[in-house]
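K.L.:
Compact mmCIF, C-alpha atoms, file work33.txt:
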# COMPACT_ATOMS: atom_id res chain seq x y z
CA MET A 209 -50.64 -55.10 -30.83
CA ALA A 210 -51.47 -52.04 -28.79
CA SER A 211 -49.36 -53.26 -25.92
CA ILE A 212 -46.42 -53.92 -28.23
CA ALA A 213 -46.73 -50.39 -29.69
CA THR A 214 -46.92 -48.96 -26.20
CA LEU A 215 -43.76 -50.81 -25.20
CA LYS A 216 -41.98 -49.58 -28.32
CA ALA A 217 -43.08 -46.03 -27.56
CA LYS A 218 -41.86 -46.26 -23.99
CA LYS A 219 -38.62 -47.86 -25.14
CA GLY A 220 -38.10 -45.13 -27.71
CA LYS A 221 -38.91 -42.44 -25.15
CA GLY A 222 -36.08 -43.53 -22.89
CA ALA A 223 -33.51 -43.85 -25.69
CA PRO A 224 -30.85 -41.13 -26.15
CA SER A 225 -31.77 -38.39 -28.58
CA PHE A 226 -29.46 -36.39 -30.80
CA HIS A 227 -31.32 -33.21 -29.74
CA ARG A 228 -30.10 -33.46 -26.14
CA PRO A 229 -26.78 -31.55 -26.41
CA PRO A 230 -28.40 -28.47 -27.99
CA ARG A 231 -31.05 -28.54 -25.21
CA MET A 232 -28.25 -28.57 -22.61
CA GLU A 233 -26.61 -25.60 -24.30
CA ARG A 234 -29.91 -23.72 -24.27
CA ASP A 235 -30.35 -24.55 -20.59
CA ALA A 236 -26.86 -23.25 -19.84
CA LEU A 237 -27.54 -20.03 -21.72
CA GLY A 238 -30.85 -19.72 -19.95
CA GLY A 239 -29.05 -20.08 -16.63
CA TRP A 240 -26.67 -17.28 -17.55
CA TRP A 241 -29.58 -15.10 -18.71
CA ALA A 242 -31.47 -15.67 -15.47
CA PHE A 243 -28.28 -14.99 -13.53
CA ALA A 244 -27.71 -11.73 -15.45
CA LYS A 245 -31.26 -10.57 -14.73
CA ARG A 246 -30.71 -11.19 -11.03
CA ARG A 247 -27.29 -9.55 -10.85
CA TRP A 248 -27.61 -6.38 -12.93
CA LYS A 249 -28.48 -4.30 -9.87
CA PHE A 250 -25.48 -5.71 -8.03
CA LEU A 251 -23.29 -4.96 -11.06
CA LEU A 252 -24.49 -1.34 -11.17
CA PHE A 253 -23.86 -1.02 -7.45
CA CYS A 254 -20.28 -2.31 -7.83
CA LEU A 255 -19.56 0.02 -10.75
CA ALA A 256 -20.97 3.00 -8.83
CA LEU A 257 -18.88 2.05 -5.80
CA ALA A 258 -15.73 1.80 -7.93
CA ALA A 259 -16.43 5.23 -9.42
CA LEU A 260 -16.94 6.76 -5.97
CA LEU A 261 -13.68 5.22 -4.74
CA GLU A 262 -11.72 6.54 -7.71
CA VAL A 263 -13.19 10.04 -7.60
CA PHE A 264 -13.53 10.77 -3.89
CA ILE A 265 -11.30 8.33 -1.96
CA PHE A 266 -8.20 7.71 -4.07
CA ASN A 267 -8.23 11.37 -5.14
CA LEU A 268 -9.08 12.74 -1.71
CA PRO A 269 -6.06 15.15 -1.75
CA PHE A 270 -7.57 16.87 -4.81
CA TRP A 271 -10.75 17.71 -2.90
CA GLN A 272 -8.83 18.61 0.26
CA THR A 273 -6.73 21.22 -1.55
CA LEU A 274 -9.38 22.82 -3.77
CA SER A 275 -9.55 25.92 -1.57
CA SER A 276 -5.90 25.97 -0.47
CA SER A 277 -3.63 28.98 -0.94
CA PRO A 278 -0.26 27.79 -2.31
CA SER A 279 2.90 29.65 -1.33
CA PHE A 280 6.27 29.11 -3.01
CA GLU A 281 9.49 29.06 -1.01
CA ILE A 282 13.05 28.93 -2.33
CA LEU A 283 15.30 26.61 -0.37
CA SER A 284 17.94 28.70 1.34
CA SER A 285 20.10 28.71 4.45
CA TYR A 286 17.17 30.30 6.29
CA ASN A 287 15.01 27.18 6.24
CA THR A 288 17.44 24.46 5.11
CA GLN A 289 20.15 22.49 6.90
CA GLY A 290 22.63 20.18 5.24
CA LEU A 291 22.91 22.03 1.91
CA VAL A 292 25.68 24.19 0.46
CA MET A 293 25.46 26.38 -2.62
CA ASP A 294 27.35 25.49 -5.76
CA SER A 295 30.16 27.63 -7.08
CA GLU A 296 27.83 29.73 -9.27
CA LYS A 297 25.43 30.51 -6.40
CA ASN A 298 22.52 29.57 -8.62
CA ALA A 299 20.22 27.07 -6.98
CA GLY A 300 17.61 27.30 -9.73
CA THR A 301 20.04 26.21 -12.45
CA ALA A 302 22.59 23.85 -10.97
CA GLY A 303 20.87 22.94 -7.70
CA TRP A 304 22.40 22.59 -4.28
CA ASN A 305 25.00 20.17 -2.98
CA ALA A 306 24.35 17.98 0.03
CA SER A 307 26.94 18.43 2.78
CA GLY A 308 25.63 15.45 4.75
CA PRO A 309 23.58 12.29 4.29
CA VAL A 310 20.35 14.03 5.38
CA VAL A 311 18.97 17.35 4.18
CA THR A 312 16.49 18.97 6.57
CA ILE A 313 13.97 21.52 5.30
CA GLU A 314 11.83 23.39 7.81
CA PHE A 315 8.45 24.91 6.96
CA SER A 316 6.16 27.06 9.09
CA SER A 317 2.82 28.63 8.28
CA GLN A 318 -0.06 30.43 9.98
CA SER A 319 -2.45 27.83 8.58
CA PRO A 320 -2.08 24.04 8.92
CA ILE A 321 0.29 22.55 6.35
CA ARG A 322 -1.47 19.59 4.76
CA TYR A 323 0.81 18.99 1.76
CA VAL A 324 4.20 20.10 0.50
CA GLN A 325 5.27 19.87 -3.14
CA LEU A 326 8.99 19.76 -3.85
CA ILE A 327 10.12 21.56 -7.01
CA GLY A 328 12.93 19.86 -8.88
CA ALA A 329 15.79 21.70 -10.55
CA PRO A 330 16.33 21.31 -14.32
CA GLY A 331 17.59 17.81 -14.98
CA ALA A 332 16.13 16.52 -11.71
CA LYS A 333 14.36 13.71 -13.55
CA ASP A 334 17.74 12.17 -14.29
CA LYS A 335 18.50 11.80 -10.58
CA THR A 336 18.03 8.52 -8.78
CA GLY A 337 15.34 8.01 -6.19
CA MET A 338 15.80 9.31 -2.66
CA GLN A 339 13.99 8.86 0.65
CA PHE A 340 12.14 11.31 2.85
CA ARG A 341 10.30 11.53 6.13
CA VAL A 342 8.25 14.22 7.87
CA GLU A 343 8.75 15.46 11.42
CA SER A 344 6.05 17.61 12.99
CA PHE A 345 6.16 20.06 15.86
CA LEU A 346 3.19 19.74 18.17
CA PRO A 347 1.59 23.00 19.34
CA GLY A 348 3.70 24.58 22.09
CA SER A 349 6.61 22.16 21.63
CA ASP A 350 10.05 22.56 20.05
CA ASP A 351 10.74 18.84 19.89
CA PRO A 352 10.19 17.24 16.46
CA HIS A 353 7.71 14.38 16.35
CA PRO A 354 8.35 11.74 13.62
CA SER A 355 5.20 11.38 11.55
CA ASN A 356 6.22 8.58 9.20
CA TYR A 357 8.99 6.19 8.28
CA TRP A 358 11.46 6.72 5.44
CA GLN A 359 9.67 6.55 2.10
CA LEU A 360 10.67 6.73 -1.55
CA LEU A 361 10.96 10.11 -3.23
CA ASN A 362 11.62 9.92 -6.96
CA PRO A 363 12.06 13.13 -8.99
CA SER A 364 11.02 11.25 -12.14
CA CYS A 365 7.60 10.48 -10.59
CA PRO A 366 5.73 13.81 -10.24
CA SER A 367 3.03 12.36 -8.01
CA SER A 368 5.60 11.27 -5.41
CA LEU A 369 6.73 14.89 -4.96
CA TYR A 370 3.50 15.71 -3.10
CA ILE A 371 4.24 15.00 0.55
CA ASN A 372 1.54 14.56 3.16
CA ALA A 373 2.59 17.02 5.86
CA SER A 374 0.07 15.84 8.49
CA GLY A 375 -1.67 19.19 9.07
CA TYR A 376 0.62 20.86 11.61
CA LYS A 377 1.71 24.50 11.32
CA ARG A 378 5.42 23.74 11.71
CA ILE A 379 7.09 20.74 10.11
CA MET A 380 10.44 19.47 8.91
CA VAL A 381 10.98 17.39 5.78
CA GLN A 382 14.14 15.30 5.87
CA VAL A 383 15.55 13.95 2.60
CA ARG A 384 18.21 11.25 2.42
CA THR A 385 20.83 11.72 -0.26
CA ASP A 386 24.53 11.11 -0.76
CA ALA A 387 26.91 13.70 0.66
CA GLY A 388 28.58 15.86 -1.96
CA LYS A 389 26.05 15.11 -4.69
CA PRO A 390 23.73 17.73 -6.20
CA PHE A 391 20.40 18.07 -4.44
CA ALA A 392 17.54 17.66 -6.91
CA PHE A 393 15.22 20.34 -5.49
CA TYR A 394 15.54 24.10 -5.30
CA GLY A 395 12.10 25.11 -4.03
CA ALA A 396 8.87 23.93 -2.47
CA VAL A 397 5.18 24.84 -2.54
CA VAL A 398 3.40 24.84 0.80
CA ASN A 399 -0.25 23.74 0.64
CA PRO A 400 -0.28 23.18 -3.15
CA LYS A 401 -3.33 22.23 -5.15
CA VAL A 402 -2.91 18.49 -5.70
CA PRO A 403 -4.03 17.57 -9.25
CA PHE A 404 -6.69 14.97 -9.95
CA ASP A 405 -4.96 11.71 -10.86
CA ALA A 406 -7.14 9.03 -12.47
CA SER A 407 -5.06 5.87 -12.62
CA PRO A 408 -6.01 3.51 -15.49
CA LEU A 409 -4.31 0.61 -13.72
CA ARG A 410 -6.27 1.23 -10.53
CA ILE A 411 -9.53 1.44 -12.50
CA LEU A 412 -8.75 -1.85 -14.25
CA LEU A 413 -8.03 -3.49 -10.91
CA MET A 414 -11.37 -2.34 -9.50
CA LEU A 415 -13.16 -3.59 -12.62
CA LEU A 416 -11.40 -6.92 -12.15
CA ILE A 417 -12.74 -7.11 -8.61
CA VAL A 418 -16.24 -6.35 -9.89
CA ILE A 419 -15.98 -9.09 -12.54
CA LEU A 420 -14.77 -11.62 -9.99
CA ALA A 421 -17.55 -10.66 -7.56
CA VAL A 422 -20.23 -10.98 -10.24
CA PHE A 423 -19.14 -14.08 -12.16
CA LEU A 424 -17.64 -16.06 -9.28
CA GLY A 425 -20.40 -15.41 -6.77
CA PRO A 426 -22.26 -18.26 -5.03
CA ALA A 427 -25.26 -17.98 -7.38
CA SER A 428 -23.28 -17.88 -10.63
CA PRO A 429 -23.16 -20.86 -13.04
CA LEU A 430 -19.35 -20.86 -12.82
CA TYR A 431 -19.56 -21.36 -9.06
CA LYS A 432 -21.52 -24.58 -9.60
CA THR A 433 -19.19 -25.95 -12.30
CA ASP A 434 -17.17 -29.03 -11.38
CA LEU A 435 -13.49 -28.56 -12.19
CA SER A 436 -11.59 -31.29 -13.98
CA LEU A 437 -7.82 -31.41 -14.28
CA ARG A 438 -8.22 -33.46 -17.45
CA SER A 439 -9.77 -30.53 -19.27
CA ALA A 440 -7.20 -28.34 -21.00
CA PHE A 441 -9.72 -25.49 -21.15
CA GLN A 442 -10.31 -25.53 -17.40
CA ILE A 443 -6.59 -25.81 -16.68
CA SER A 444 -5.97 -22.74 -18.84
CA LEU A 445 -8.73 -20.87 -16.98
CA ILE A 446 -7.22 -21.75 -13.61
CA THR A 447 -3.77 -20.64 -14.81
CA LEU A 448 -5.15 -17.38 -16.19
CA SER A 449 -7.08 -16.61 -13.00
CA THR A 450 -3.97 -17.30 -10.91
CA LEU A 451 -1.88 -14.94 -13.03
CA LEU A 452 -4.58 -12.28 -12.82
CA LEU A 453 -4.65 -12.59 -9.04
CA MET A 454 -0.86 -12.22 -8.87
CA ALA A 455 -1.03 -9.20 -11.17
CA PHE A 456 -3.71 -7.75 -8.91
CA TYR A 457 -1.40 -7.88 -5.88
CA VAL A 458 1.53 -6.47 -7.86
CA GLY A 459 -0.72 -3.68 -9.12
CA ILE A 460 -1.71 -2.75 -5.57
CA TRP A 461 1.95 -2.53 -4.60
CA TYR A 462 2.81 -0.47 -7.70
CA ILE A 463 0.02 2.05 -7.17
CA PHE A 464 0.66 2.79 -3.51
CA GLU A 465 4.44 2.52 -3.74
CA ALA A 466 4.50 5.37 -6.26
CA ARG A 467 2.03 7.70 -4.57
CA ARG A 468 1.57 7.73 -0.82
CA ILE A 469 -0.44 10.85 -0.09
CA TYR A 470 -3.75 9.35 0.92
CA VAL A 471 -3.42 8.61 4.66
CA GLY A 472 -2.40 11.44 6.95
CA ASP A 473 -0.79 11.46 10.36
CA ALA A 474 -2.93 10.91 13.46
CA GLY A 475 -0.84 11.04 16.58
CA GLY A 476 2.14 9.19 15.16
CA ALA A 477 0.39 6.81 12.78
CA PRO A 478 2.55 6.09 9.70
CA PHE A 479 1.55 7.27 6.25
CA GLU A 480 2.36 4.05 4.40
CA LEU A 481 -0.61 1.98 5.60
CA TYR A 482 -1.55 0.99 2.05
CA ASP A 483 2.02 -0.11 1.38
CA GLN A 484 2.03 -2.25 4.52
CA LEU A 485 -1.26 -3.84 3.41
CA ALA A 486 0.14 -4.56 -0.07
CA ARG A 487 3.29 -6.13 1.36
CA ALA A 488 1.16 -8.26 3.68
CA LEU A 489 -0.89 -9.49 0.72
CA LEU A 490 2.22 -10.18 -1.36
CA HIS A 491 4.25 -11.99 1.28
CA GLY A 492 1.43 -13.56 3.29
CA HIS A 493 2.19 -11.93 6.63
Could you express the structure from this file as structure tokens?
P.N.:
Amino acid sequence: MASIATLKAKKGKGAPSFHRPPRMERDALGGWWAFAKRRWKFLLFCLALAALLEVFIFNLPFWQTLSSSPSFEILSSYNTQGLVMDSEKNAGTAGWNASGPVVTIEFSSQSPIRYVQLIGAPGAKDKTGMQFRVESFLPGSDDPHPSNYWQLLNPSCPSSLYINASGYKRIMVQVRTDAGKPFAFYGAVVNPKVPFDASPLRILLMLLIVILAVFLGPASPLYKTDLSLRSAFQISLITLSTLLLMAFYVGIWYIFEARRIYVGDAGGAPFELYDQLARALLHGH
């Protein structure tokens, strides 16, 4: 009888139990809890790194111009080529007219010119986007040295009106516009104080990177999950992650297309390095 009871006990021990699914759920939660305890230091490190990037790297012009001495200059025939006054001789009200496809503005200063802010005339926000480039004069030379390629300059985007002038004492800013049309700017500020610009989109993108690094790391439970194309939930997760990745690339392009004042000139290096990186990520080359 004892042997029969023992066999029944062993047989019952190996039989499926209705308590097994809850135990699996508790094990999964326990895995996430153990993972969270191991990764909280890494999470804090990523958040601190994102904060440092936003404050000190992406807003480097703010710190560079804290002690600058701005000087305002009205665009006139003394330092401007390719512009003609309107009939009322009032550049501050009606703006200037472009006599050619390129307007050249020359600036010179006793101190290195790091940034130039263009001041738009009233109604400048209604103008379409233009293009600009900076040419620098090396010390002891009268030949202009191109510092960057043609880039977008949109009067409706205030942050794009801050131009990285590369740090030389004599520069020229060339603006492409249509001949005969009103020029959108009547003045400029040499070495302005660049405002601090915290971009919510950029912060969200960095937080997205942190989330992906934490929850998709090699030690995370999601990393060990087997994907199944028969699961509608997993298919939706894959679709959502793909869309988020595409939005991430588009966000990079949007941020650095609108504001290119982070990388200066170093012996002919272009300014738009971030834009080139974004285009490489978008187009795969």
K.L.:
Could you check which of A:Val383, A:Leu409, A:Val324, A:Ile446 is closest to Ala396 (chain A), using only C-alpha atoms?
P.N.:
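Looking at the shortest contact to Ala396 (chain A), the residue is A:Val324.
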K.L.:
Between CA of Glu281 (chain A) and CA of Phe264 (chain A), what is the distance in Å, rounded to a tenth?
P.N.:
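Atom-to-atom, CA of Glu281 (chain A) and CA of Phe264 (chain A) are spaced 29.5 Å apart.
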K.L.:
Name all residues at most 9 Å from region 316-319 of chain A (count only C-alpha atoms; drop same-chain ones fewer than 5 positions away) and give them as a VMD selection string.
P.N.:
chain A and resid 375 to 380 398
K.L.:
Now that the selection is made, can you save its residues with C-alpha atoms as a PDB file, in the frame of the given file?
P.N.:
ATOM      1  CA  GLY A 375      -1.670  19.190   9.070  1.00  0.00           C
ATOM      2  CA  TYR A 376       0.620  20.860  11.610  1.00  0.00           C
ATOM      3  CA  LYS A 377       1.710  24.500  11.320  1.00  0.00           C
ATOM      4  CA  ARG A 378       5.420  23.740  11.710  1.00  0.00           C
ATOM      5  CA  ILE A 379       7.090  20.740  10.110  1.00  0.00           C
ATOM      6  CA  MET A 380      10.440  19.470   8.910  1.00  0.00           C
ATOM      7  CA  VAL A 398       3.400  24.840   0.800  1.00  0.00           C
TER       8      VAL A 398
END
K.L.:
Quick one: pull the distance between CA of Leu274 (chain A) and CA of Ser368 (chain A), Å, one decimal.
P.N.:
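Interatomic distance here is 19.0 Å.
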K.L.:
To one decimal place, how far is CA of Ser277 (chain A) from CA of Pro403 (chain A) in Å?
P.N.:
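Between these atoms lies a distance of 14.1 Å.
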K.L.:
For Pro320 (chain A), which of A:Gln442, A:Ser364, A:Thr450, A:Ser344 is the closest residue, counting all atoms listed in the file?
P.N.:
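Smallest distance to Pro320 (chain A) is found for A:Ser344.
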